[in-house]
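Novice: Here you go, this is my_file_28.csv (CSV, C-alpha atoms).
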chain,number,residue,atom,x,y,z
A,22,MET,CA,21.1,-4.9,-27.3
A,23,LEU,CA,18.5,-3.9,-29.7
A,24,ARG,CA,20.0,-6.0,-32.5
A,25,LYS,CA,20.3,-9.0,-30.1
A,26,TYR,CA,16.9,-8.8,-28.4
A,27,GLY,CA,14.8,-6.5,-30.7
A,28,ARG,CA,13.2,-4.7,-27.8
A,29,ALA,CA,13.4,-4.1,-24.0
A,30,THR,CA,12.9,-7.7,-22.9
A,31,PRO,CA,13.6,-8.7,-19.3
A,32,GLU,CA,16.8,-10.4,-20.5
A,33,ALA,CA,17.9,-7.3,-22.3
A,34,LEU,CA,17.3,-5.1,-19.3
A,35,VAL,CA,19.2,-7.4,-17.0
A,36,GLU,CA,22.2,-7.8,-19.4
A,37,SER,CA,22.4,-4.1,-19.9
A,38,ALA,CA,22.3,-3.4,-16.2
A,39,LEU,CA,24.9,-6.0,-15.3
A,40,TRP,CA,27.2,-4.8,-18.1
A,41,GLU,CA,27.0,-1.2,-16.8
A,42,ALA,CA,27.7,-2.5,-13.3
A,43,SER,CA,30.7,-4.3,-14.6
A,44,LEU,CA,32.2,-1.0,-15.6
A,45,PHE,CA,32.1,0.2,-12.0
A,46,GLU,CA,33.5,-3.2,-10.8
A,47,GLU,CA,36.5,-2.8,-13.1
A,48,HIS,CA,37.5,0.1,-10.8
A,49,ASP,CA,36.6,-1.8,-7.7
A,50,PHE,CA,33.6,0.5,-7.1
A,51,ARG,CA,30.5,-1.4,-5.9
A,52,ASP,CA,28.5,1.2,-4.0
A,53,ILE,CA,25.7,1.2,-6.5
A,54,LYS,CA,22.0,0.4,-6.7
A,55,ILE,CA,20.4,-1.1,-9.9
A,56,SER,CA,17.0,-0.1,-11.4
A,57,VAL,CA,15.5,-1.7,-14.5
A,58,LYS,CA,12.1,0.1,-14.6
A,59,HIS,CA,9.6,-0.7,-17.3
A,60,ASN,CA,6.1,0.4,-18.0
A,61,ASP,CA,4.8,-3.2,-18.3
A,62,PRO,CA,4.6,-4.8,-14.9
A,63,VAL,CA,5.1,-8.3,-16.3
A,64,VAL,CA,8.4,-7.3,-18.0
A,65,MET,CA,9.4,-5.4,-14.9
A,66,VAL,CA,8.8,-8.2,-12.5
A,67,SER,CA,10.6,-10.7,-14.6
A,68,ALA,CA,13.6,-8.4,-15.0
A,69,TYR,CA,14.0,-7.9,-11.3
A,70,GLN,CA,13.6,-11.6,-10.5
A,71,GLN,CA,16.4,-12.4,-12.9
A,72,LEU,CA,18.5,-9.6,-11.5
A,73,ALA,CA,18.0,-10.8,-7.9
A,74,GLU,CA,19.2,-14.3,-9.0
A,75,GLN,CA,22.3,-12.9,-10.8
A,76,CYS,CA,23.6,-10.2,-8.4
A,77,ASP,CA,23.7,-9.0,-4.8
A,78,TYR,CA,23.3,-5.3,-5.5
A,79,PRO,CA,20.4,-3.5,-3.9
A,80,LEU,CA,17.5,-3.0,-6.3
A,81,HIS,CA,15.3,0.1,-6.8
A,82,LEU,CA,11.9,-0.9,-7.9
A,83,GLY,CA,9.6,1.0,-10.2
A,84,VAL,CA,7.0,0.7,-12.9
A,85,THR,CA,8.0,3.7,-15.0
A,86,GLU,CA,5.4,5.9,-16.9
A,87,ALA,CA,2.7,3.8,-15.1
A,88,GLY,CA,0.0,6.2,-16.3
A,89,PRO,CA,-2.8,8.1,-14.6
A,90,ALA,CA,-3.5,7.7,-10.9
A,91,PHE,CA,-5.9,4.8,-11.0
A,92,GLN,CA,-4.1,2.7,-13.7
A,93,GLY,CA,-0.7,3.5,-12.3
A,94,THR,CA,-1.7,2.5,-8.8
A,95,ILE,CA,-2.9,-0.9,-10.0
A,96,LYS,CA,0.2,-1.5,-12.0
A,97,SER,CA,2.5,-0.5,-9.2
A,98,ALA,CA,0.7,-2.5,-6.6
A,99,VAL,CA,0.7,-5.6,-8.7
A,100,ALA,CA,4.4,-5.3,-9.5
A,101,PHE,CA,5.7,-4.3,-6.1
A,102,GLY,CA,3.5,-6.9,-4.4
A,103,ALA,CA,4.9,-9.7,-6.6
A,104,LEU,CA,8.5,-8.7,-5.8
A,105,LEU,CA,8.5,-7.3,-2.3
A,106,SER,CA,6.5,-10.3,-1.0
A,107,ARG,CA,9.4,-12.5,-2.2
A,108,GLY,CA,12.0,-10.2,-0.6
A,109,ILE,CA,13.1,-8.6,-3.8
A,110,GLY,CA,13.6,-4.9,-3.7
A,111,ASP,CA,15.2,-2.4,-1.4
A,112,THR,CA,13.7,1.0,-2.3
A,113,ILE,CA,10.7,1.9,-4.5
A,114,ARG,CA,9.3,4.7,-6.6
A,115,VAL,CA,5.7,5.0,-7.6
A,116,SER,CA,5.4,6.9,-10.9
A,117,LEU,CA,2.0,8.4,-11.5
A,118,SER,CA,0.6,11.1,-13.8
A,119,ALA,CA,-0.5,12.8,-10.6
A,120,PRO,CA,1.0,15.2,-7.9
A,121,PRO,CA,4.1,13.7,-6.2
A,122,VAL,CA,2.2,13.5,-2.8
A,123,GLU,CA,-0.2,11.0,-4.4
A,124,GLU,CA,2.8,8.9,-5.5
A,125,VAL,CA,4.1,8.8,-1.9
A,126,LYS,CA,0.6,8.0,-0.5
A,127,VAL,CA,0.3,5.0,-2.9
A,128,GLY,CA,3.8,3.8,-2.0
A,129,ILE,CA,3.1,4.0,1.7
A,130,GLN,CA,-0.2,2.1,1.3
A,131,ILE,CA,1.5,-0.7,-0.7
A,132,LEU,CA,4.2,-1.1,2.0
A,133,GLN,CA,1.6,-1.1,4.7
A,134,ALA,CA,-0.5,-3.7,2.9
A,135,LEU,CA,2.5,-6.0,2.6
A,136,GLY,CA,3.4,-5.5,6.3
A,137,LEU,CA,6.7,-3.7,5.4
A,138,ARG,CA,5.6,-0.5,7.1
A,139,GLN,CA,3.6,-0.2,10.3
A,140,ARG,CA,-0.1,0.0,9.5
A,141,ARG,CA,-1.8,3.2,10.4
A,142,LEU,CA,-5.4,4.0,9.6
A,143,GLU,CA,-7.1,1.1,7.7
A,144,ILE,CA,-10.7,1.4,6.5
A,145,VAL,CA,-12.5,-1.9,5.9
A,146,SER,CA,-15.8,-1.3,4.1
A,147,CYS,CA,-18.4,-3.0,1.9
A,148,PRO,CA,-18.4,-3.2,-1.9
A,149,SER,CA,-21.6,-2.6,-3.8
A,150,CYS,CA,-24.2,-5.1,-2.6
A,151,GLY,CA,-27.9,-5.5,-2.7
A,152,ARG,CA,-27.9,-6.2,1.1
A,153,ALA,CA,-26.6,-2.7,1.9
A,154,GLN,CA,-29.2,-0.7,3.7
A,155,VAL,CA,-27.1,2.5,4.0
A,156,ASP,CA,-24.9,4.6,1.7
A,157,VAL,CA,-21.7,2.8,2.5
A,158,TYR,CA,-19.7,4.8,-0.1
A,159,LYS,CA,-20.6,8.0,1.6
A,160,LEU,CA,-20.1,6.6,5.1
A,161,ALA,CA,-16.6,5.3,4.3
A,162,GLU,CA,-15.5,8.5,2.6
A,163,GLU,CA,-16.7,10.7,5.5
A,164,VAL,CA,-15.1,8.5,8.1
A,165,THR,CA,-11.8,8.4,6.1
A,166,ALA,CA,-11.9,12.2,5.8
A,167,GLY,CA,-12.7,12.6,9.5
A,168,LEU,CA,-9.8,10.5,10.5
A,169,GLU,CA,-7.2,11.7,8.0
A,170,GLY,CA,-3.8,12.1,9.5
A,171,MET,CA,-4.3,9.6,12.3
A,172,GLU,CA,-0.9,8.1,13.1
A,173,VAL,CA,-1.9,5.0,15.2
A,174,PRO,CA,-2.5,1.6,13.7
A,175,LEU,CA,-6.3,1.6,13.7
A,176,ARG,CA,-8.5,-0.7,11.8
A,177,VAL,CA,-12.0,0.7,11.2
A,178,ALA,CA,-14.8,-1.4,9.7
A,179,VAL,CA,-17.7,0.5,8.0
A,180,MET,CA,-20.3,-2.1,7.1
A,181,GLY,CA,-23.6,-1.6,5.5
A,182,CYS,CA,-25.7,-4.7,6.4
A,183,VAL,CA,-26.5,-7.0,9.3
A,184,VAL,CA,-25.2,-10.1,7.4
A,185,ASN,CA,-21.5,-9.6,7.1
A,186,GLY,CA,-21.4,-6.4,9.1
A,187,PRO,CA,-21.3,-7.7,12.7
A,188,GLY,CA,-18.5,-10.2,11.9
A,189,GLU,CA,-16.2,-7.6,10.2
A,190,ALA,CA,-17.0,-4.9,12.8
A,191,ARG,CA,-16.2,-7.3,15.6
A,192,GLU,CA,-12.8,-8.2,14.2
A,193,ALA,CA,-11.8,-4.6,13.8
A,194,ASP,CA,-10.6,-2.2,16.5
A,195,LEU,CA,-13.6,-0.1,15.8
A,196,GLY,CA,-16.6,-0.8,13.5
A,197,VAL,CA,-20.2,-0.3,12.7
A,198,ALA,CA,-22.8,-2.7,11.4
A,199,SER,CA,-25.5,-0.6,9.8
A,200,GLY,CA,-29.2,-1.4,8.9
A,201,ASN,CA,-32.7,-0.3,9.3
A,202,GLY,CA,-31.7,3.4,9.9
A,203,LYS,CA,-29.3,2.7,12.7
A,204,GLY,CA,-25.8,1.4,13.4
A,205,GLN,CA,-24.3,-0.9,16.0
A,206,ILE,CA,-21.0,0.5,17.1
A,207,PHE,CA,-18.3,-2.1,18.0
A,208,VAL,CA,-15.2,-1.3,20.0
A,209,LYS,CA,-12.6,-4.1,20.3
A,210,GLY,CA,-15.2,-6.7,19.5
A,211,GLU,CA,-18.0,-5.5,21.8
A,212,VAL,CA,-21.1,-3.5,21.0
A,213,VAL,CA,-20.9,-0.3,23.0
A,214,LYS,CA,-23.9,1.6,21.6
A,215,THR,CA,-26.5,1.8,18.9
A,216,VAL,CA,-27.0,5.1,17.2
A,217,PRO,CA,-29.2,6.5,14.4
A,218,GLU,CA,-27.8,6.5,10.9
A,219,SER,CA,-27.3,10.3,11.0
A,220,LYS,CA,-24.9,9.9,14.0
A,221,ILE,CA,-22.8,7.0,12.7
A,222,VAL,CA,-19.9,9.1,11.3
A,223,GLN,CA,-19.7,11.4,14.2
A,224,THR,CA,-19.8,8.5,16.7
A,225,LEU,CA,-17.1,6.5,14.8
A,226,ILE,CA,-14.8,9.5,14.8
A,227,GLU,CA,-15.3,10.2,18.5
A,228,GLU,CA,-14.7,6.5,19.4
A,229,ALA,CA,-11.6,6.4,17.1
A,230,MET,CA,-10.2,9.5,18.9
A,231,LYS,CA,-10.6,7.8,22.2
A,232,ILE,CA,-8.9,4.6,21.0
A,233,ALA,CA,-6.1,6.6,19.4
A,234,GLU,CA,-5.5,8.5,22.6
A,235,GLN,CA,-5.3,5.3,24.6
A,236,MET,CA,-3.0,3.7,22.0
A,237,GLU,CA,-0.7,6.7,22.2
A,238,GLN,CA,-0.6,6.6,26.0
A,239,ASP,CA,0.3,2.9,25.8
A,240,GLY,CA,3.0,3.7,23.3
A,241,VAL,CA,1.5,1.6,20.5
A,242,ALA,CA,2.2,4.2,17.8
A,243,SER,CA,5.9,4.5,18.6
A,244,GLY,CA,8.9,2.6,17.3
A,245,GLU,CA,8.0,2.5,13.6
A,246,PRO,CA,10.9,1.3,11.5
A,247,ALA,CA,12.4,3.6,8.9
A,248,VAL,CA,11.3,3.0,5.3
A,249,THR,CA,12.9,4.6,2.2
A,250,VAL,CA,10.4,5.8,-0.4
A,251,SER,CA,12.3,7.5,-3.2
Would you mind writing the file out in structure tokens?
Specialist:
Amino acid sequence: MLRKYGRATPEALVESALWEASLFEEHDFRDIKISVKHNDPVVMVSAYQQLAEQCDYPLHLGVTEAGPAFQGTIKSAVAFGALLSRGIGDTIRVSLSAPPVEEVKVGIQILQALGLRQRRLEIVSCPSCGRAQVDVYKLAEEVTAGLEGMEVPLRVAVMGCVVNGPGEAREADLGVASGNGKGQIFVKGEVVKTVPESKIVQTLIEEAMKIAEQMEQDGVASGEPAVTVS
């Protein structure tokens, strides 16, 4: 393979994988799954696309040795998104230079973002912007920490200005549009109260708990399909 291709090209990965699969097929054994991981997302995506065209075996996706948490998360999200959105891939493995629990968290978030796993807590928040009148970074982090472990599909908008804030907050299950030292709290599109900035986090957490309790009573959180993350 090295003499023929010179390096691990997508074509080399595919030919190697299919040759090894043929060894099993000679013995009428086809209970296999194929993985052609590569540390370059472009090479990896191309290899899996070619494999999907040339065989019907289940495919295990992965960007191997993807790097530290931030870099590896970006590379994995780009590669998995490109493939899973086209129906290519049956199981995944996120490989990060980080604790295994972080790999699982990233994998779950990718699947949720693609709609392949039931969404749970989703925080919508502002980027850096000159219009922000509150510390959105701090608000978003505190709300996320306060709602950690929530199992229901809840979309929470933490917005820092009165320009885009009301629209995003209205579209979410729960949201806040902040400005001038206070925040308007939205629940299911309606303003339910206005609180001082110091009470925004506490109020959002309290309202989120109420919504989550009602969702659980209504059975919204049940019936999630099984997803393999290996």
Novice: Could you work out how far atom CA of Ser106 of chain A lies from atom CA of Leu137 of chain A, giving the answer in Å with one decimal?
Specialist: 9.2 Å
Novice: From the list A:Thr215, A:Asn201, A:Gln223, A:Ser146, which residue is nearest Gly186 of chain A when using only C-alpha atoms?
Specialist: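 Among the listed residues, the smallest separation from Gly186 of chain A belongs to A:Ser146.
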Novice: Mind giving me the straight-line distance from atom CA of Ala68 of chain A to atom CA of Thr85 of chain A in Å, one decimal?
Specialist: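 Atom CA of Thr85 of chain A lies at a distance of 13.3 Å from atom CA of Ala68 of chain A.
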Novice: Go through A:Gly170, A:Pro217, A:Pro62, A:Gly93 and flag the residue nearest Ser199 of chain A, using only C-alpha atoms for the distances.
Specialist: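 Distance minimum relative to Ser199 of chain A lands on A:Pro217.
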Novice: Rounded to one decimal in Å, what is the spacing between atom CA of Val122 of chain A and atom CA of Ala98 of chain A?
Specialist: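 Interatomic distance, atom CA of Val122 of chain A to atom CA of Ala98 of chain A: 16.5 Å.
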Novice: Restricting the calculation to only C-alpha atoms: of A:Asn185, A:Ser43, A:Gln70, A:Ser37, which residue gets closest to Ala198 of chain A?
Specialist: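 Under the stated criterion, the closest residue is A:Asn185.
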Novice: Rank A:Met171, A:Val84, A:Cys147, A:Met180 by their smallest atom-to-atom distance to Gly102 of chain A, using all atoms listed in the file, and report the top residue only.
Specialist: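 Closest to Gly102 of chain A of all the choices is A:Val84.
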Novice: Which of these residues is nearest to Val183 of chain A, using only C-alpha atoms: A:Val197, A:Val212, A:Leu105, A:Ile95?
Specialist: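 Nearest to Val183 of chain A: A:Val197.
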Novice: Give me the residues near Gly128 of chain A as a ChimeraX atom specification, where near means some atom within 9 Å (using all atoms listed in the file) and where sequence neighbours in that chain fewer than 3 positions away do not count.
Specialist: /A:94,97-98,113-115,123-125,131-133,250
Novice: Under the rule that all atoms listed in the file are counted, which of A:Leu142, A:Ile226, A:Ala73, A:Ala134 is the nearest residue to Gly108 of chain A?
Specialist: A:Ala73
Novice: Got a sec: who's within 9 Å of Thr165 of chain A, counting only C-alpha atoms, leaving out chain neighbours fewer than 3 positions off, as a list in words?
Specialist: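 Residues meeting the cut-off are Leu142, Glu143, Ile144, Leu160, Ala161, Glu162, Leu168 and Glu169 of chain A.
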Novice: Which residues are near segment 188-191 of chain A? Cut-off 8 Å, all atoms listed in the file, ignore same chain within fewer than 6 positions. Put them as a count of residues only.
Specialist: 12
Novice: Neighbours of Ala90 of chain A within 7 Å (all atoms listed in the file; same-chain residues fewer than 2 positions away dropped), as a list in words?
Specialist: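 Residues meeting the cut-off are Gly88, Gln92, Gly93, Thr94, Leu117, Ser118 and Ala119 of chain A.
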Novice: Please list as a PyMOL selection string every residue within 8 Å of Ile221 of chain A, counting all atoms listed in the file and excluding residues in the same chain fewer than 5 positions away.
Specialist: chain A and resi 197+203-204+216
Novice: Please write the residues from the selection above to a file, keeping C-alpha atoms, as a PDB file, in the coordinates of the input.
Specialist:
ATOM      1  CA  VAL A 197     -20.200  -0.300  12.700  1.00  0.00           C
ATOM      2  CA  LYS A 203     -29.300   2.700  12.700  1.00  0.00           C
ATOM      3  CA  GLY A 204     -25.800   1.400  13.400  1.00  0.00           C
ATOM      4  CA  VAL A 216     -27.000   5.100  17.200  1.00  0.00           C
TER       5      VAL A 216
END
Novice: Around (10.3, -2.5, -11.1), as given in the file, which residues come within 7 Å? Count all atoms listed in the file and list them as a ChimeraX atom specification.
Specialist: /A:57-59,65-66,69,82-84,100
Novice: Please, can segment 84-109 of chain A be completed to N, CA, C and O atoms and returned as a PDB file, keeping the file's coordinate frame?
Specialist:
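So out_9.pdb came out as:
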ATOM      1  N   VAL A  84       7.676   0.883 -11.656  1.00  0.00           N
ATOM      2  CA  VAL A  84       7.000   0.700 -12.900  1.00  0.00           C
ATOM      3  C   VAL A  84       6.964   2.118 -13.532  1.00  0.00           C
ATOM      4  O   VAL A  84       6.230   2.993 -13.079  1.00  0.00           O
ATOM      5  N   THR A  85       7.811   2.360 -14.513  1.00  0.00           N
ATOM      6  CA  THR A  85       8.000   3.700 -15.000  1.00  0.00           C
ATOM      7  C   THR A  85       6.834   4.089 -15.973  1.00  0.00           C
ATOM      8  O   THR A  85       6.252   3.222 -16.628  1.00  0.00           O
ATOM      9  N   GLU A  86       6.528   5.381 -16.022  1.00  0.00           N
ATOM     10  CA  GLU A  86       5.400   5.900 -16.900  1.00  0.00           C
ATOM     11  C   GLU A  86       4.178   4.993 -16.685  1.00  0.00           C
ATOM     12  O   GLU A  86       3.568   4.521 -17.652  1.00  0.00           O
ATOM     13  N   ALA A  87       3.821   4.743 -15.424  1.00  0.00           N
ATOM     14  CA  ALA A  87       2.700   3.800 -15.100  1.00  0.00           C
ATOM     15  C   ALA A  87       1.361   4.337 -15.562  1.00  0.00           C
ATOM     16  O   ALA A  87       0.418   3.566 -15.698  1.00  0.00           O
ATOM     17  N   GLY A  88       1.253   5.661 -15.764  1.00  0.00           N
ATOM     18  CA  GLY A  88       0.000   6.200 -16.300  1.00  0.00           C
ATOM     19  C   GLY A  88      -0.751   7.044 -15.228  1.00  0.00           C
ATOM     20  O   GLY A  88      -0.207   7.400 -14.178  1.00  0.00           O
ATOM     21  N   PRO A  89      -2.022   7.358 -15.502  1.00  0.00           N
ATOM     22  CA  PRO A  89      -2.800   8.100 -14.600  1.00  0.00           C
ATOM     23  C   PRO A  89      -2.981   7.435 -13.232  1.00  0.00           C
ATOM     24  O   PRO A  89      -2.656   6.253 -13.090  1.00  0.00           O
ATOM     25  N   ALA A  90      -3.489   8.162 -12.244  1.00  0.00           N
ATOM     26  CA  ALA A  90      -3.500   7.700 -10.900  1.00  0.00           C
ATOM     27  C   ALA A  90      -4.085   6.294 -10.677  1.00  0.00           C
ATOM     28  O   ALA A  90      -3.461   5.427 -10.059  1.00  0.00           O
ATOM     29  N   PHE A  91      -5.269   6.048 -11.217  1.00  0.00           N
ATOM     30  CA  PHE A  91      -5.900   4.800 -11.000  1.00  0.00           C
ATOM     31  C   PHE A  91      -5.133   3.624 -11.669  1.00  0.00           C
ATOM     32  O   PHE A  91      -4.759   2.641 -11.031  1.00  0.00           O
ATOM     33  N   GLN A  92      -4.866   3.784 -12.957  1.00  0.00           N
ATOM     34  CA  GLN A  92      -4.100   2.700 -13.700  1.00  0.00           C
ATOM     35  C   GLN A  92      -2.761   2.527 -13.122  1.00  0.00           C
ATOM     36  O   GLN A  92      -2.316   1.389 -12.930  1.00  0.00           O
ATOM     37  N   GLY A  93      -2.051   3.617 -12.834  1.00  0.00           N
ATOM     38  CA  GLY A  93      -0.700   3.500 -12.300  1.00  0.00           C
ATOM     39  C   GLY A  93      -0.642   2.875 -10.932  1.00  0.00           C
ATOM     40  O   GLY A  93       0.307   2.144 -10.617  1.00  0.00           O
ATOM     41  N   THR A  94      -1.641   3.139 -10.120  1.00  0.00           N
ATOM     42  CA  THR A  94      -1.700   2.500  -8.800  1.00  0.00           C
ATOM     43  C   THR A  94      -1.847   1.024  -8.889  1.00  0.00           C
ATOM     44  O   THR A  94      -1.167   0.268  -8.181  1.00  0.00           O
ATOM     45  N   ILE A  95      -2.735   0.576  -9.773  1.00  0.00           N
ATOM     46  CA  ILE A  95      -2.900  -0.900 -10.000  1.00  0.00           C
ATOM     47  C   ILE A  95      -1.664  -1.527 -10.450  1.00  0.00           C
ATOM     48  O   ILE A  95      -1.215  -2.554  -9.910  1.00  0.00           O
ATOM     49  N   LYS A  96      -1.038  -0.958 -11.474  1.00  0.00           N
ATOM     50  CA  LYS A  96       0.200  -1.500 -12.000  1.00  0.00           C
ATOM     51  C   LYS A  96       1.296  -1.594 -11.010  1.00  0.00           C
ATOM     52  O   LYS A  96       2.022  -2.583 -10.895  1.00  0.00           O
ATOM     53  N   SER A  97       1.445  -0.514 -10.249  1.00  0.00           N
ATOM     54  CA  SER A  97       2.500  -0.500  -9.200  1.00  0.00           C
ATOM     55  C   SER A  97       2.251  -1.465  -8.120  1.00  0.00           C
ATOM     56  O   SER A  97       3.161  -2.157  -7.667  1.00  0.00           O
ATOM     57  N   ALA A  98       1.012  -1.539  -7.664  1.00  0.00           N
ATOM     58  CA  ALA A  98       0.700  -2.500  -6.600  1.00  0.00           C
ATOM     59  C   ALA A  98       0.913  -3.904  -6.981  1.00  0.00           C
ATOM     60  O   ALA A  98       1.451  -4.704  -6.201  1.00  0.00           O
ATOM     61  N   VAL A  99       0.520  -4.251  -8.199  1.00  0.00           N
ATOM     62  CA  VAL A  99       0.700  -5.600  -8.700  1.00  0.00           C
ATOM     63  C   VAL A  99       2.200  -5.960  -8.757  1.00  0.00           C
ATOM     64  O   VAL A  99       2.645  -7.005  -8.266  1.00  0.00           O
ATOM     65  N   ALA A 100       2.979  -5.069  -9.350  1.00  0.00           N
ATOM     66  CA  ALA A 100       4.400  -5.300  -9.500  1.00  0.00           C
ATOM     67  C   ALA A 100       5.165  -5.343  -8.225  1.00  0.00           C
ATOM     68  O   ALA A 100       5.943  -6.264  -7.934  1.00  0.00           O
ATOM     69  N   PHE A 101       4.960  -4.332  -7.401  1.00  0.00           N
ATOM     70  CA  PHE A 101       5.700  -4.300  -6.100  1.00  0.00           C
ATOM     71  C   PHE A 101       5.283  -5.416  -5.216  1.00  0.00           C
ATOM     72  O   PHE A 101       6.119  -5.979  -4.516  1.00  0.00           O
ATOM     73  N   GLY A 102       3.996  -5.760  -5.221  1.00  0.00           N
ATOM     74  CA  GLY A 102       3.500  -6.900  -4.400  1.00  0.00           C
ATOM     75  C   GLY A 102       4.193  -8.174  -4.766  1.00  0.00           C
ATOM     76  O   GLY A 102       4.620  -8.955  -3.906  1.00  0.00           O
ATOM     77  N   ALA A 103       4.295  -8.417  -6.082  1.00  0.00           N
ATOM     78  CA  ALA A 103       4.900  -9.700  -6.600  1.00  0.00           C
ATOM     79  C   ALA A 103       6.359  -9.768  -6.147  1.00  0.00           C
ATOM     80  O   ALA A 103       6.844 -10.854  -5.830  1.00  0.00           O
ATOM     81  N   LEU A 104       7.058  -8.647  -6.142  1.00  0.00           N
ATOM     82  CA  LEU A 104       8.500  -8.700  -5.800  1.00  0.00           C
ATOM     83  C   LEU A 104       8.779  -8.542  -4.338  1.00  0.00           C
ATOM     84  O   LEU A 104       9.532  -9.339  -3.768  1.00  0.00           O
ATOM     85  N   LEU A 105       8.193  -7.554  -3.701  1.00  0.00           N
ATOM     86  CA  LEU A 105       8.500  -7.300  -2.300  1.00  0.00           C
ATOM     87  C   LEU A 105       8.046  -8.494  -1.411  1.00  0.00           C
ATOM     88  O   LEU A 105       8.680  -8.797  -0.397  1.00  0.00           O
ATOM     89  N   SER A 106       6.962  -9.165  -1.794  1.00  0.00           N
ATOM     90  CA  SER A 106       6.500 -10.300  -1.000  1.00  0.00           C
ATOM     91  C   SER A 106       7.505 -11.471  -1.060  1.00  0.00           C
ATOM     92  O   SER A 106       7.467 -12.361  -0.225  1.00  0.00           O
ATOM     93  N   ARG A 107       8.407 -11.440  -2.052  1.00  0.00           N
ATOM     94  CA  ARG A 107       9.400 -12.500  -2.200  1.00  0.00           C
ATOM     95  C   ARG A 107      10.799 -11.951  -1.677  1.00  0.00           C
ATOM     96  O   ARG A 107      11.825 -12.604  -1.883  1.00  0.00           O
ATOM     97  N   GLY A 108      10.796 -10.776  -1.073  1.00  0.00           N
ATOM     98  CA  GLY A 108      12.000 -10.200  -0.600  1.00  0.00           C
ATOM     99  C   GLY A 108      12.917  -9.590  -1.602  1.00  0.00           C
ATOM    100  O   GLY A 108      14.106  -9.353  -1.368  1.00  0.00           O
ATOM    101  N   ILE A 109      12.357  -9.267  -2.765  1.00  0.00           N
ATOM    102  CA  ILE A 109      13.100  -8.600  -3.800  1.00  0.00           C
ATOM    103  C   ILE A 109      12.802  -7.141  -3.861  1.00  0.00           C
ATOM    104  O   ILE A 109      11.648  -6.754  -4.029  1.00  0.00           O
TER     105      ILE A 109
END
